Amino acid sequence: MRVLVVNAGSSTLKLALAGPDASVAAATEAEADGASFGDVIGDFLKGLGGVDAVGHRVVHGGNRFAGPVVVDEAALAAMEALAPLAPLHQPQAVAGVRAVAQLLPGIPSVACFDTAFHATLPPAAATYALPRSWRERWGLRRFGFHGLSHAWAVARAAELVGRTGDAHLRVVSCHLGAGSSLCAAVGGRSVDTTMGFTPTEGLVMATRSGSVDPGLVAWLVTDGGLDPGLLAEGLVHESGLAGLAGGAGDMRDVVARAERGDATAGLARDVWLHRLRREAAAM
């Protein structure tokens, strides 16, 4: 079986063609948005031969998807409805699914969710200390993200230390990039993670704030007069390293500027490291 793997991230589109033995026959990565996915995927497929199935990385599965699912219109509609909870990623993933459906009609697509690995979180880790009526009405809980990455890292770490299948092995896995999260796993199962109801919680990221005092957020609206829409935009697109140091929030640029003596970049680097160390210790 030849499987096209589509990973639509917050800033890039990554594509790979896996052969029958799961080896990668071809791969590419491009900076792209949903509107151009069709062109990028179409160019990648030229000359590669047929594709038997497609696997899509989808960030948010909500309470509905706790494992892979064959995509149909109902599943796609459910994924689209979750877009407000992962605004940098979910629309990109949906755009990838739609682009593939046009390019490869009749070829089955399977959605694999980043939240699925964290479905094993115990209630103490998954439950927010909020009014029960809120939690039940809106399905509020810690979902966690980057699950596909964490699942692989946890399994690979077990292999490397010769403890595959060890129910007592404790691993802290780190997914560090434009979006970042940590995961604590015991026996290969996620038991805690830094991201929560949305991918904004946790570590300082490229443009996302990470965890912020909820009282501060409420104050910005009630006392600061900040429009809720602008608040949401600012927390996701204008915070993190970008908010601290300016620019696009690329850590390579931040480090280079800090090494040249840029105090603003130095503070951004130090804030990022402080939060990483603190959360790693917690995991």
# chains A, B, ... in the order shown; residues from 1 in each chain; ligands from 1
call {"tool": "residues_around", "arguments": {"residues": "region 261-267 of chain A", "least_positions_apart": "5", "cutoff": "8 Å", "atoms": "only C-alpha atoms", "output": "tab-separated table (two decimals) with N, CA, C and O atoms, in the first residue's frame"}}
result
chain	number	residue	atom	x	y	z
A	244	LEU	N	7.21	39.18	22.57
A	244	LEU	CA	8.32	39.57	23.43
A	244	LEU	C	9.45	40.26	22.67
A	244	LEU	O	10.04	41.23	23.15
A	245	ALA	N	9.76	39.72	21.48
A	245	ALA	CA	10.95	40.19	20.76
A	245	ALA	C	10.64	40.86	19.43
A	245	ALA	O	11.53	41.40	18.78
A	254	VAL	N	15.68	34.91	17.26
A	254	VAL	CA	15.75	35.43	18.63
A	254	VAL	C	17.12	35.15	19.24
A	254	VAL	O	17.75	36.02	19.85
A	255	VAL	N	17.62	33.91	19.09
A	255	VAL	CA	18.92	33.54	19.65
A	255	VAL	C	20.04	34.35	19.00
A	255	VAL	O	20.95	34.85	19.69
call {"tool": "residues_around", "arguments": {"residues": "region 51-61 of chain A", "least_positions_apart": "6", "cutoff": "8 Å", "atoms": "only C-alpha atoms", "output": "ChimeraX atom specification"}}
result
/A:1-8,79,82,85-86,89-90,93-94,96-97,107-116,145-146
call {"tool": "select_by_dssp", "arguments": {"residues": "region 79-266 of chain A", "states": "strand (DSSP E or B)", "output": "VMD selection string"}}
result
chain A and resid 109 to 113 170 to 175 181 to 186 189 to 193
call {"tool": "write_last_selection", "arguments": {"atoms": "all heavy atoms", "output": "short mmCIF file (atom, residue, chain, number, x, y, z; two decimals), in the first residue's frame"}}
result
data_model
loop_
_atom_site.label_atom_id
_atom_site.label_comp_id
_atom_site.auth_asym_id
_atom_site.auth_seq_id
_atom_site.Cartn_x
_atom_site.Cartn_y
_atom_site.Cartn_z
N SER A 109 -9.51 8.77 2.70
CA SER A 109 -8.69 9.61 3.56
C SER A 109 -8.99 9.26 5.01
O SER A 109 -10.16 9.10 5.40
CB SER A 109 -9.00 11.09 3.32
OG SER A 109 -8.35 11.58 2.17
N VAL A 110 -7.95 9.15 5.81
CA VAL A 110 -8.09 8.85 7.24
C VAL A 110 -7.52 10.01 8.04
O VAL A 110 -6.39 10.45 7.80
CB VAL A 110 -7.35 7.55 7.60
CG1 VAL A 110 -7.41 7.30 9.11
CG2 VAL A 110 -7.94 6.37 6.84
N ALA A 111 -8.31 10.51 8.97
CA ALA A 111 -7.86 11.60 9.84
C ALA A 111 -7.30 11.01 11.12
O ALA A 111 -7.94 10.17 11.77
CB ALA A 111 -9.02 12.54 10.17
N CYS A 112 -6.09 11.43 11.49
CA CYS A 112 -5.43 11.01 12.72
C CYS A 112 -5.28 12.25 13.60
O CYS A 112 -4.69 13.24 13.17
CB CYS A 112 -4.08 10.38 12.42
SG CYS A 112 -4.17 8.92 11.34
N PHE A 113 -5.78 12.19 14.82
CA PHE A 113 -5.92 13.39 15.64
C PHE A 113 -4.82 13.52 16.68
O PHE A 113 -4.48 12.56 17.38
CB PHE A 113 -7.29 13.37 16.32
CG PHE A 113 -8.43 13.38 15.36
CD1 PHE A 113 -8.99 12.20 14.91
CD2 PHE A 113 -8.92 14.58 14.87
CE1 PHE A 113 -10.04 12.21 14.00
CE2 PHE A 113 -9.97 14.60 13.95
CZ PHE A 113 -10.52 13.41 13.52
N ARG A 170 8.73 5.74 32.72
CA ARG A 170 8.23 7.11 32.79
C ARG A 170 9.06 7.98 31.84
O ARG A 170 10.28 8.04 31.96
CB ARG A 170 8.32 7.63 34.22
CG ARG A 170 7.48 6.84 35.21
CD ARG A 170 7.98 6.99 36.64
NE ARG A 170 7.82 8.36 37.13
CZ ARG A 170 6.72 8.82 37.72
NH1 ARG A 170 5.68 8.02 37.89
NH2 ARG A 170 6.65 10.06 38.15
N VAL A 171 8.39 8.62 30.90
CA VAL A 171 9.07 9.43 29.88
C VAL A 171 8.45 10.82 29.83
O VAL A 171 7.23 10.96 29.88
CB VAL A 171 8.95 8.76 28.49
CG1 VAL A 171 9.57 9.66 27.41
CG2 VAL A 171 9.60 7.39 28.48
N VAL A 172 9.29 11.83 29.74
CA VAL A 172 8.82 13.18 29.42
C VAL A 172 9.24 13.47 27.99
O VAL A 172 10.44 13.46 27.68
CB VAL A 172 9.41 14.24 30.37
CG1 VAL A 172 9.02 15.65 29.90
CG2 VAL A 172 8.93 14.02 31.79
N SER A 173 8.28 13.67 27.11
CA SER A 173 8.59 13.97 25.71
C SER A 173 8.37 15.45 25.44
O SER A 173 7.49 16.08 26.03
CB SER A 173 7.74 13.13 24.76
OG SER A 173 6.35 13.36 24.97
N CYS A 174 9.20 16.00 24.55
CA CYS A 174 9.18 17.44 24.26
C CYS A 174 8.97 17.67 22.78
O CYS A 174 9.74 17.17 21.96
CB CYS A 174 10.51 18.08 24.68
SG CYS A 174 11.01 17.73 26.38
N HIS A 175 7.95 18.41 22.43
CA HIS A 175 7.70 18.83 21.05
C HIS A 175 7.92 20.34 21.03
O HIS A 175 7.10 21.11 21.53
CB HIS A 175 6.26 18.48 20.64
CG HIS A 175 5.92 18.92 19.25
ND1 HIS A 175 5.80 18.03 18.20
CD2 HIS A 175 5.67 20.14 18.72
CE1 HIS A 175 5.49 18.68 17.10
NE2 HIS A 175 5.41 19.97 17.39
N SER A 181 4.86 21.78 23.15
CA SER A 181 4.19 21.17 24.29
C SER A 181 5.06 20.06 24.86
O SER A 181 5.96 19.55 24.19
CB SER A 181 2.82 20.61 23.90
OG SER A 181 2.94 19.51 23.02
N LEU A 182 4.78 19.70 26.11
CA LEU A 182 5.44 18.59 26.79
C LEU A 182 4.39 17.57 27.18
O LEU A 182 3.21 17.90 27.34
CB LEU A 182 6.15 19.08 28.05
CG LEU A 182 7.13 20.25 27.91
CD1 LEU A 182 7.71 20.61 29.27
CD2 LEU A 182 8.22 19.92 26.91
N CYS A 183 4.84 16.33 27.34
CA CYS A 183 3.92 15.26 27.73
C CYS A 183 4.61 14.35 28.73
O CYS A 183 5.79 14.02 28.57
CB CYS A 183 3.49 14.46 26.49
SG CYS A 183 2.54 12.96 26.86
N ALA A 184 3.90 13.95 29.76
CA ALA A 184 4.37 12.94 30.69
C ALA A 184 3.65 11.64 30.36
O ALA A 184 2.42 11.60 30.29
CB ALA A 184 4.07 13.35 32.13
N ALA A 185 4.43 10.57 30.15
CA ALA A 185 3.85 9.27 29.80
C ALA A 185 4.36 8.20 30.74
O ALA A 185 5.53 8.20 31.13
CB ALA A 185 4.21 8.90 28.36
N VAL A 186 3.48 7.30 31.10
CA VAL A 186 3.84 6.15 31.93
C VAL A 186 3.41 4.89 31.17
O VAL A 186 2.23 4.76 30.79
CB VAL A 186 3.15 6.19 33.30
CG1 VAL A 186 3.49 4.93 34.11
CG2 VAL A 186 3.55 7.43 34.07
N ARG A 189 1.57 5.56 27.87
CA ARG A 189 0.27 6.23 27.88
C ARG A 189 0.42 7.64 28.45
O ARG A 189 1.08 7.85 29.47
CB ARG A 189 -0.73 5.45 28.73
CG ARG A 189 -1.08 4.08 28.15
CD ARG A 189 -1.76 3.19 29.20
NE ARG A 189 -3.02 3.76 29.67
CZ ARG A 189 -4.19 3.58 29.09
NH1 ARG A 189 -4.27 2.84 27.98
NH2 ARG A 189 -5.29 4.10 29.59
N SER A 190 -0.21 8.60 27.79
CA SER A 190 -0.15 9.98 28.25
C SER A 190 -0.90 10.13 29.57
O SER A 190 -2.06 9.72 29.69
CB SER A 190 -0.76 10.91 27.20
OG SER A 190 -0.87 12.24 27.69
N VAL A 191 -0.23 10.75 30.56
CA VAL A 191 -0.88 10.98 31.85
C VAL A 191 -0.94 12.47 32.20
O VAL A 191 -1.63 12.86 33.13
CB VAL A 191 -0.18 10.20 32.98
CG1 VAL A 191 -0.30 8.71 32.76
CG2 VAL A 191 1.27 10.62 33.13
N ASP A 192 -0.20 13.30 31.46
CA ASP A 192 -0.30 14.74 31.65
C ASP A 192 0.35 15.43 30.46
O ASP A 192 1.19 14.84 29.77
CB ASP A 192 0.39 15.19 32.94
CG ASP A 192 -0.17 16.51 33.47
OD1 ASP A 192 -1.04 17.11 32.81
OD2 ASP A 192 0.27 16.94 34.56
N THR A 193 -0.03 16.66 30.21
CA THR A 193 0.52 17.41 29.09
C THR A 193 0.30 18.89 29.33
O THR A 193 -0.55 19.28 30.15
CB THR A 193 -0.12 16.97 27.76
OG1 THR A 193 0.56 17.60 26.66
CG2 THR A 193 -1.60 17.32 27.69
#
call {"tool": "select_by_dssp", "arguments": {"residues": "region 118-167 of chain A", "states": "helix (DSSP H, G or I)", "output": "count of residues only"}}
result
28
call {"tool": "atom_distance", "arguments": {"atom1": "CA of Phe143 (chain A)", "atom2": "CA of Ala268 (chain A)"}}
result
27.4 Å
call {"tool": "residues_around", "arguments": {"residues": "Leu231 (chain A)", "least_positions_apart": "2", "cutoff": "12 Å", "atoms": "only C-alpha atoms", "output": "list in words"}}
result
Arg208, Ser209, Leu216, Val217, Ala218, Trp219, Leu220, Val221, Thr222, Gly224, Gly225, Leu226, Asp227, Pro228, Gly229, Glu233, Gly234, Leu235, Val236, His237, Glu238 and Ser239 of chain A
call {"tool": "atom_distance", "arguments": {"atom1": "CA of Gly196 (chain A)", "atom2": "CA of Glu31 (chain A)"}}
result
26.6 Å
call {"tool": "residues_around", "arguments": {"residues": "Asp33 (chain A)", "least_positions_apart": "3", "cutoff": "12 Å", "atoms": "only C-alpha atoms", "output": "ChimeraX atom specification"}}
result
/A:8-14,30,36-41,88-96,99
call {"tool": "atom_distance", "arguments": {"atom1": "CA of Arg275 (chain A)", "atom2": "CA of Gly210 (chain A)"}}
result
9.0 Å
call {"tool": "closest_residue", "arguments": {"among": "A:Glu73, A:Leu17, A:Arg64, A:Gly144", "to": "Gly47 (chain A)", "atoms": "only C-alpha atoms"}}
result
A:Leu17
call {"tool": "closest_residue", "arguments": {"among": "A:Pro105, A:Gly249, A:Gly240, A:Gly165", "to": "Val212 (chain A)", "atoms": "only C-alpha atoms"}}
result
A:Gly240
